[in-house]
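Step one of this worksheet: look at the structure below.
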Amino acid sequence: MTESMLAKRRSEAIAKGVGVTTQVYVERAENAEIWDAQGQRYIDFSAGIAVVNTGHCHPRVIAAARDQMEKFLHTCHQVVPYENYIALAERLNRLVPGNFVKKTVFVTTGAEAVENAVKIARAATGRSGVVAFSGAFHGRTFLGMSLTGKVAPYKMGFGPLVNDVYRVPFPVELHGISVEQTLNALENLFKTEIEPTRVAAIIIEPVQGEGGFYPAPSELLKSLREIADRYGIVFIADEIQTGFARTGKLFAMEHHEVVADLTTMAKGLAGGLPLAAVTGRAELMDSVVPGGLGGTYGGNPVAIAASHAVLDVIEEEKLATRATQLGERLKHCLHGLRPRVPQIADVRGLGLMIAVEFNRADSQEPDAGFTNTVRQKALERGLILLTCGVHGNVIRFLPPLTIQNDIFDEALNILESVLLDLNCKEGK
């Protein structure tokens with residue numbers, strides 16, 4: 001069946017609100033490669049939006065899931081519990097940054113993890129206020145939308161959102177927002193909008209995802225930790241996109257001498273199966289009454305088994321180190337293109353969570369049109385890329401950390417040829 005036929009069926013059967021980036025209908029995938037129904041091959045630099053960090057269909061992950069499927073698929077841990085759920089909680093309690101006693105709860109999606117982290121913070125503090133940041137992305141549920149700092153398309157048409165959510169600007173040097181300005185805005189928020197003793201939580205992505213792959217400065221994170229301690233506020237690190245070796249560390253917060261009280265995770269946790277978690281200080285996690293946390297599918301045994309395999313692969317194949325090595329090669333390529341591609345305004349990122357930001361060649365105006373053209377032309381040549389950023393002018397690079405060297409080089413060659421060809425055409 002042709003892609004146009006599939007696209008027509010999709011349009012007729014699926015709600016318009018479920019957008020798609022490509023019209024590539026995958027038939028099979030392996031590591032960093034995808035083949036569509038016509039046999040066309042693509043190099044995947046999206047990894048399901050940082051989900052398959054261990055590559056599509058890693059044999060260790062497939063074997064673990066298959067082994068569990070032959071035992072049982074589902075009982076609901078809240079009804080008939082199982083040992084591998086406990087073992088994975090114990091494992092995350094050891095791995096998540098923080099030298100204190102921790103506990104974990106498993107849910108199904110990243111948005112659920114965020115919502116449960118806020119629930120825990122509110123239950124523990126008896127407060128309701130939550131502070132988030134401009135450009136943040138925390139999900140599409142009502143609380144997730146409320147915390148998210150980008151209107152289109154996530155908040156459009158949905159009416160009043162959750163109250164007691166407050167926002168301050170995220171520091172981005174490229175856009176003239178300093179850490180000092182962010183902290184001043186937070187101090188002003190405490191003076192004009194909500195007293196700090198009514199704030200339950202501050203939530204931040206150590207590297208903004210949808211917002212543009214801007215790393216949070218260590219100075220900011222240290223200041224937020226001090227403010228949280230001063231006022232008894234729960235500090236939440238949203239590691240849903242940054243987690244599981246993506247940034248060159250198992251968790252991005254390990255790049256800083258700062259630990260969060262609660263950490264949310266999902267995406268790369270289970271190698272493609274739906275699994276999310278909140279791990280944090282035991283006394284906070286235990287503030288919720290029995291039955292207040294969880295969900296029917298939370299901690300599905302097949303996803304739990306896959307997650308154990310993912311963590312084994314990350315450790316044994318040294319994927320955190322590989323993320324750093326590949327990320328440096330990618331940044332070197334992009335920096336080398338800057339003299340010949342004047343639209344490149346910035347190259348940034350940690351590990352293999354890299355972004356390039358494009359402005360108009362003759363100004364500092366964000367160039368979403370050029371950015372989308374780069375994505376489209378790369379797709380035509382067999383490379384799947386994703387855009388992001390409040391202005392839509394950022395391409396984010398998220399290949400599997402297991403990508404083979406020759407395929408990685410092939411992708412860089414495609415990227416370079418697209419950028420140079422487009423620049424030549426614009427130059428004419």
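Residues in the structure tokens are numbered from 1 in each chain, the chains being A, B, ... in the order shown, and ligands are numbered from 1 in the order shown.
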Exercise for review: Name all residues at most 6 Å from stretch 86-103 of chain A (count only C-alpha atoms; drop same-chain ones fewer than 2 positions away) and give them as a list in words.
Suggested key: Glu83, Asn84, Val259, Thr279, Gly280, Arg281 and Ala282 of chain A
Exercise for review: Skip A:His56 itself and residues of its chain fewer than 4 positions away, then list as a PyMOL selection string all residues within 8 Å of it, counting only C-alpha atoms.
Suggested key: chain A and resi 29-33+47+52+271-272+400
Check your understanding: Could you pull out all residues of stretch 195-232 of chain A with a DSSP call of helix (DSSP H, G or I) and give them as a VMD selection string?
Key -> chain A and resid 196 to 198 218 to 231
Output N, CA and C atoms of each residue in that selection to a file, as a PDB file, in the first residue's frame.
```
ATOM      1  N   PRO A 196       6.278  32.690  48.856  1.00  0.00           N
ATOM      2  CA  PRO A 196       7.029  31.440  48.704  1.00  0.00           C
ATOM      3  C   PRO A 196       6.570  30.341  49.641  1.00  0.00           C
ATOM      4  N   THR A 197       5.998  30.713  50.781  1.00  0.00           N
ATOM      5  CA  THR A 197       5.532  29.707  51.735  1.00  0.00           C
ATOM      6  C   THR A 197       4.229  29.049  51.285  1.00  0.00           C
ATOM      7  N   ARG A 198       3.707  29.466  50.118  1.00  0.00           N
ATOM      8  CA  ARG A 198       2.539  28.802  49.551  1.00  0.00           C
ATOM      9  C   ARG A 198       2.904  28.010  48.303  1.00  0.00           C
ATOM     10  N   SER A 218      24.390  25.781  35.636  1.00  0.00           N
ATOM     11  CA  SER A 218      24.615  25.292  37.005  1.00  0.00           C
ATOM     12  C   SER A 218      24.286  26.360  38.032  1.00  0.00           C
ATOM     13  N   GLU A 219      24.619  27.598  37.715  1.00  0.00           N
ATOM     14  CA  GLU A 219      24.341  28.698  38.647  1.00  0.00           C
ATOM     15  C   GLU A 219      22.862  28.789  38.973  1.00  0.00           C
ATOM     16  N   LEU A 220      22.022  28.604  37.961  1.00  0.00           N
ATOM     17  CA  LEU A 220      20.575  28.647  38.180  1.00  0.00           C
ATOM     18  C   LEU A 220      20.137  27.496  39.066  1.00  0.00           C
ATOM     19  N   LEU A 221      20.586  26.278  38.750  1.00  0.00           N
ATOM     20  CA  LEU A 221      20.149  25.109  39.512  1.00  0.00           C
ATOM     21  C   LEU A 221      20.593  25.200  40.968  1.00  0.00           C
ATOM     22  N   LYS A 222      21.804  25.674  41.204  1.00  0.00           N
ATOM     23  CA  LYS A 222      22.281  25.848  42.582  1.00  0.00           C
ATOM     24  C   LYS A 222      21.438  26.878  43.325  1.00  0.00           C
ATOM     25  N   SER A 223      21.081  27.961  42.655  1.00  0.00           N
ATOM     26  CA  SER A 223      20.256  28.995  43.290  1.00  0.00           C
ATOM     27  C   SER A 223      18.852  28.477  43.581  1.00  0.00           C
ATOM     28  N   LEU A 224      18.285  27.704  42.646  1.00  0.00           N
ATOM     29  CA  LEU A 224      16.957  27.138  42.879  1.00  0.00           C
ATOM     30  C   LEU A 224      16.973  26.164  44.054  1.00  0.00           C
ATOM     31  N   ARG A 225      18.047  25.380  44.150  1.00  0.00           N
ATOM     32  CA  ARG A 225      18.176  24.450  45.282  1.00  0.00           C
ATOM     33  C   ARG A 225      18.210  25.223  46.605  1.00  0.00           C
ATOM     34  N   GLU A 226      18.944  26.325  46.636  1.00  0.00           N
ATOM     35  CA  GLU A 226      19.042  27.128  47.857  1.00  0.00           C
ATOM     36  C   GLU A 226      17.695  27.759  48.193  1.00  0.00           C
ATOM     37  N   ILE A 227      16.988  28.264  47.183  1.00  0.00           N
ATOM     38  CA  ILE A 227      15.674  28.879  47.403  1.00  0.00           C
ATOM     39  C   ILE A 227      14.684  27.833  47.893  1.00  0.00           C
ATOM     40  N   ALA A 228      14.720  26.647  47.279  1.00  0.00           N
ATOM     41  CA  ALA A 228      13.822  25.573  47.711  1.00  0.00           C
ATOM     42  C   ALA A 228      14.086  25.195  49.163  1.00  0.00           C
ATOM     43  N   ASP A 229      15.344  25.094  49.539  1.00  0.00           N
ATOM     44  CA  ASP A 229      15.686  24.760  50.929  1.00  0.00           C
ATOM     45  C   ASP A 229      15.243  25.855  51.887  1.00  0.00           C
ATOM     46  N   ARG A 230      15.417  27.100  51.466  1.00  0.00           N
ATOM     47  CA  ARG A 230      15.089  28.236  52.342  1.00  0.00           C
ATOM     48  C   ARG A 230      13.607  28.285  52.673  1.00  0.00           C
ATOM     49  N   TYR A 231      12.771  27.957  51.681  1.00  0.00           N
ATOM     50  CA  TYR A 231      11.329  28.113  51.877  1.00  0.00           C
ATOM     51  C   TYR A 231      10.582  26.779  52.014  1.00  0.00           C
TER      52      TYR A 231
END
```
**Study point:** Residues flagged strand (DSSP E or B) by DSSP in stretch 161-402 of chain A, as a PyMOL selection string
**Key:** chain A and resi 165-168+172+177+199-204+207+215+234-238+262-265+271+273+276-281+344-350+353-359+366+383-384+386-388+394-397
Review point. Interatomic distance between atom CA of A:Ala266 and atom CA of A:Gln404?
Key: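 So the answer is 24.6 Å.
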Point to revise | Spatial neighbours of A:Gly212, max dist 12 Å, only C-alpha atoms, sep filter under 3 positions, as a PyMOL selection string | key: chain A and resi 134-137+149-150+170-172+174-175+205+207-209+215-216+346-349+353-358+386-397
C-alpha atoms of the current selection, written as a compact mmCIF listing (two decimals), in the first residue's frame:
```
# COMPACT_ATOMS: atom_id res chain seq x y z
CA SER A 134 9.01 29.71 29.95
CA GLY A 135 9.68 27.30 27.11
CA ALA A 136 9.15 24.27 29.33
CA PHE A 137 7.34 21.16 28.17
CA GLY A 149 5.59 27.24 28.56
CA LYS A 150 4.59 27.09 24.90
CA PHE A 170 14.25 30.43 31.45
CA PRO A 171 17.76 31.89 31.08
CA VAL A 172 18.95 31.82 27.46
CA LEU A 174 21.36 33.84 23.01
CA HIS A 175 18.03 35.59 23.62
CA GLU A 205 14.09 20.43 32.88
CA VAL A 207 17.94 20.67 29.48
CA GLN A 208 14.76 22.08 27.97
CA GLY A 209 13.30 19.67 25.44
CA PRO A 215 20.84 23.51 29.06
CA ALA A 216 20.02 24.95 32.47
CA ASP A 346 23.97 28.61 17.88
CA VAL A 347 25.12 25.03 18.39
CA ARG A 348 24.62 23.59 21.87
CA GLY A 349 23.85 20.58 23.99
CA MET A 353 21.19 15.85 23.07
CA ILE A 354 22.37 18.46 20.56
CA ALA A 355 20.60 21.35 18.84
CA VAL A 356 21.31 23.85 16.10
CA GLU A 357 19.36 27.11 16.07
CA PHE A 358 18.73 29.03 12.84
CA LEU A 386 12.90 16.88 14.50
CA THR A 387 12.37 20.58 15.06
CA CYS A 388 11.63 22.30 18.36
CA GLY A 389 11.81 25.67 20.08
CA VAL A 390 9.22 28.31 20.93
CA HIS A 391 9.92 29.94 17.54
CA GLY A 392 10.20 26.64 15.64
CA ASN A 393 13.75 27.51 14.55
CA VAL A 394 15.70 24.71 16.25
CA ILE A 395 16.61 21.26 14.96
CA ARG A 396 17.23 18.74 17.74
CA PHE A 397 19.37 15.69 17.21
```
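Excluding A:Trp35 itself and any same-chain residue fewer than 4 positions from it, the protein and nucleic acid residues within 12 Å of it, counting only C-alpha atoms, are Val24, Tyr25, Val26, Glu27, Arg28, Ala29, Glu30, Asn31, Gly39, Gln40, Arg41, Tyr42, Ile43, Asp44, His56, Gly382, Leu383 and Ile384 of chain A.
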Store the residues of this selection in a file with C-alpha atoms, as a short mmCIF file (atom, residue, chain, number, x, y, z; two decimals), in the first residue's frame.
```cif
data_model
loop_
_atom_site.label_atom_id
_atom_site.label_comp_id
_atom_site.auth_asym_id
_atom_site.auth_seq_id
_atom_site.Cartn_x
_atom_site.Cartn_y
_atom_site.Cartn_z
CA VAL A 24 7.01 7.75 6.56
CA TYR A 25 4.96 4.70 7.57
CA VAL A 26 7.40 2.37 9.26
CA GLU A 27 7.40 -1.33 8.39
CA ARG A 28 10.42 -2.38 10.43
CA ALA A 29 13.33 -0.83 12.33
CA GLU A 30 16.72 -1.87 13.63
CA ASN A 31 19.06 0.21 15.78
CA GLY A 39 11.34 -0.61 1.46
CA GLN A 40 12.76 2.92 1.58
CA ARG A 41 15.49 3.21 4.23
CA TYR A 42 15.84 6.13 6.64
CA ILE A 43 18.39 7.03 9.30
CA ASP A 44 16.48 7.87 12.47
CA HIS A 56 15.25 0.09 17.76
CA GLY A 382 16.78 9.61 4.05
CA LEU A 383 17.48 11.39 7.36
CA ILE A 384 14.69 11.88 9.93
#
```
Review point. Within 9 Å of stretch 236-240 of chain A, counting only C-alpha atoms, which residues qualify if same-chain residues fewer than 2 places away don't, as a PyMOL selection string?
Key: chain A and resi 50+110+113-114+117-118+121+138+201-207+234+242-244+251-253+259-269+276+280
Practice item. Write out as an MDAnalysis selection string which residues come within 12 Å of A:Lys119 when counting only C-alpha atoms, dropping same-chain ones fewer than 6 positions away. Key: chainID A and resid 112:113 125:130 143 200:201 234 236 262 278 284:289 292:294
Would you mind exporting N, CA and C atoms of the selected residues as a short mmCIF file (atom, residue, chain, number, x, y, z; two decimals), in the first residue's frame?
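Generated file (again_39.cif):
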```
data_model
loop_
_atom_site.label_atom_id
_atom_site.label_comp_id
_atom_site.auth_asym_id
_atom_site.auth_seq_id
_atom_site.Cartn_x
_atom_site.Cartn_y
_atom_site.Cartn_z
N GLU A 112 2.06 11.66 33.22
CA GLU A 112 1.63 11.08 34.50
C GLU A 112 2.70 11.25 35.56
N ALA A 113 3.96 11.06 35.17
CA ALA A 113 5.05 11.20 36.14
C ALA A 113 5.08 12.62 36.68
N THR A 125 3.75 19.06 51.35
CA THR A 125 3.90 20.42 51.88
C THR A 125 2.60 21.03 52.37
N GLY A 126 1.47 20.50 51.94
CA GLY A 126 0.20 21.13 52.26
C GLY A 126 0.01 22.44 51.51
N ARG A 127 0.75 22.65 50.44
CA ARG A 127 0.68 23.87 49.64
C ARG A 127 0.19 23.52 48.24
N SER A 128 -0.13 24.54 47.43
CA SER A 128 -0.68 24.28 46.11
C SER A 128 0.11 24.89 44.96
N GLY A 129 0.87 25.95 45.20
CA GLY A 129 1.53 26.66 44.11
C GLY A 129 2.66 25.86 43.46
N VAL A 130 2.82 26.04 42.16
CA VAL A 130 3.90 25.39 41.41
C VAL A 130 4.53 26.44 40.50
N LEU A 143 -2.80 19.58 33.73
CA LEU A 143 -1.71 20.12 34.54
C LEU A 143 -0.44 20.23 33.70
N ALA A 200 4.41 24.83 46.56
CA ALA A 200 4.70 23.42 46.84
C ALA A 200 5.94 22.96 46.11
N ALA A 201 6.13 23.41 44.85
CA ALA A 201 7.20 22.85 44.03
C ALA A 201 7.71 23.84 43.00
N VAL A 234 9.57 21.88 47.35
CA VAL A 234 10.06 20.65 46.73
C VAL A 234 10.65 20.99 45.36
N ILE A 236 11.78 19.73 41.81
CA ILE A 236 11.52 18.61 40.91
C ILE A 236 12.37 18.77 39.65
N LEU A 262 12.66 15.32 43.92
CA LEU A 262 11.90 14.35 43.13
C LEU A 262 12.42 14.39 41.70
N VAL A 278 8.44 8.17 39.09
CA VAL A 278 8.87 9.26 39.97
C VAL A 278 9.71 8.62 41.07
N LEU A 284 9.03 12.28 51.35
CA LEU A 284 8.09 12.95 50.45
C LEU A 284 7.21 11.93 49.75
N MET A 285 7.82 10.88 49.23
CA MET A 285 7.07 9.85 48.52
C MET A 285 6.01 9.20 49.40
N ASP A 286 6.30 9.09 50.70
CA ASP A 286 5.37 8.43 51.63
C ASP A 286 4.32 9.38 52.19
N SER A 287 4.28 10.62 51.69
CA SER A 287 3.30 11.58 52.21
C SER A 287 1.90 11.35 51.64
N VAL A 288 1.80 10.54 50.59
CA VAL A 288 0.52 10.27 49.94
C VAL A 288 -0.11 9.01 50.54
N VAL A 289 -1.41 9.06 50.81
CA VAL A 289 -2.09 7.91 51.42
C VAL A 289 -2.15 6.75 50.42
N GLY A 292 -3.46 6.69 46.61
CA GLY A 292 -3.36 8.01 46.00
C GLY A 292 -2.43 8.07 44.82
N LEU A 293 -1.59 7.08 44.66
CA LEU A 293 -0.66 7.01 43.53
C LEU A 293 -0.88 5.69 42.78
N GLY A 294 -0.43 5.67 41.53
CA GLY A 294 -0.51 4.42 40.76
C GLY A 294 -1.43 4.56 39.56
#
```
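For the atom pair formed by atom CA of A:Gly55 and atom CA of A:Leu73, the distance is 23.2 Å, given to one decimal.
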Practice item. Give me, please, the distance in Å between atom CA of A:Ala320 and atom CA of A:Lys249, quoted to one decimal. Key: 5.3 Å
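Among the candidates A:Val131, A:Ala111, A:Val258, A:Ala64, the one nearest to A:Met145 when counting only C-alpha atoms is A:Ala111.
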Excluding A:Gln38 and its own-chain neighbours fewer than 5 positions away, which residues fall within 9 Å of it when counting only C-alpha atoms? Please give them as a PDB file with N, CA and C atoms, in the first residue's frame.
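Contents of around-v5.pdb, as written:
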```pdb
ATOM      1  N   MET A   1       0.844  -1.192   0.000  1.00  0.00           N
ATOM      2  CA  MET A   1       0.000   0.000   0.000  1.00  0.00           C
ATOM      3  C   MET A   1       0.884   1.249   0.000  1.00  0.00           C
ATOM      4  N   THR A   2       0.569   2.217  -0.850  1.00  0.00           N
ATOM      5  CA  THR A   2       1.394   3.404  -0.988  1.00  0.00           C
ATOM      6  C   THR A   2       1.229   4.332   0.218  1.00  0.00           C
ATOM      7  N   GLU A   3       2.216   5.225   0.390  1.00  0.00           N
ATOM      8  CA  GLU A   3       2.146   6.180   1.490  1.00  0.00           C
ATOM      9  C   GLU A   3       0.956   7.110   1.345  1.00  0.00           C
ATOM     10  N   GLU A  27       7.693   0.095   8.509  1.00  0.00           N
ATOM     11  CA  GLU A  27       7.402  -1.328   8.388  1.00  0.00           C
ATOM     12  C   GLU A  27       8.264  -2.135   9.353  1.00  0.00           C
TER      13      GLU A  27
END
```
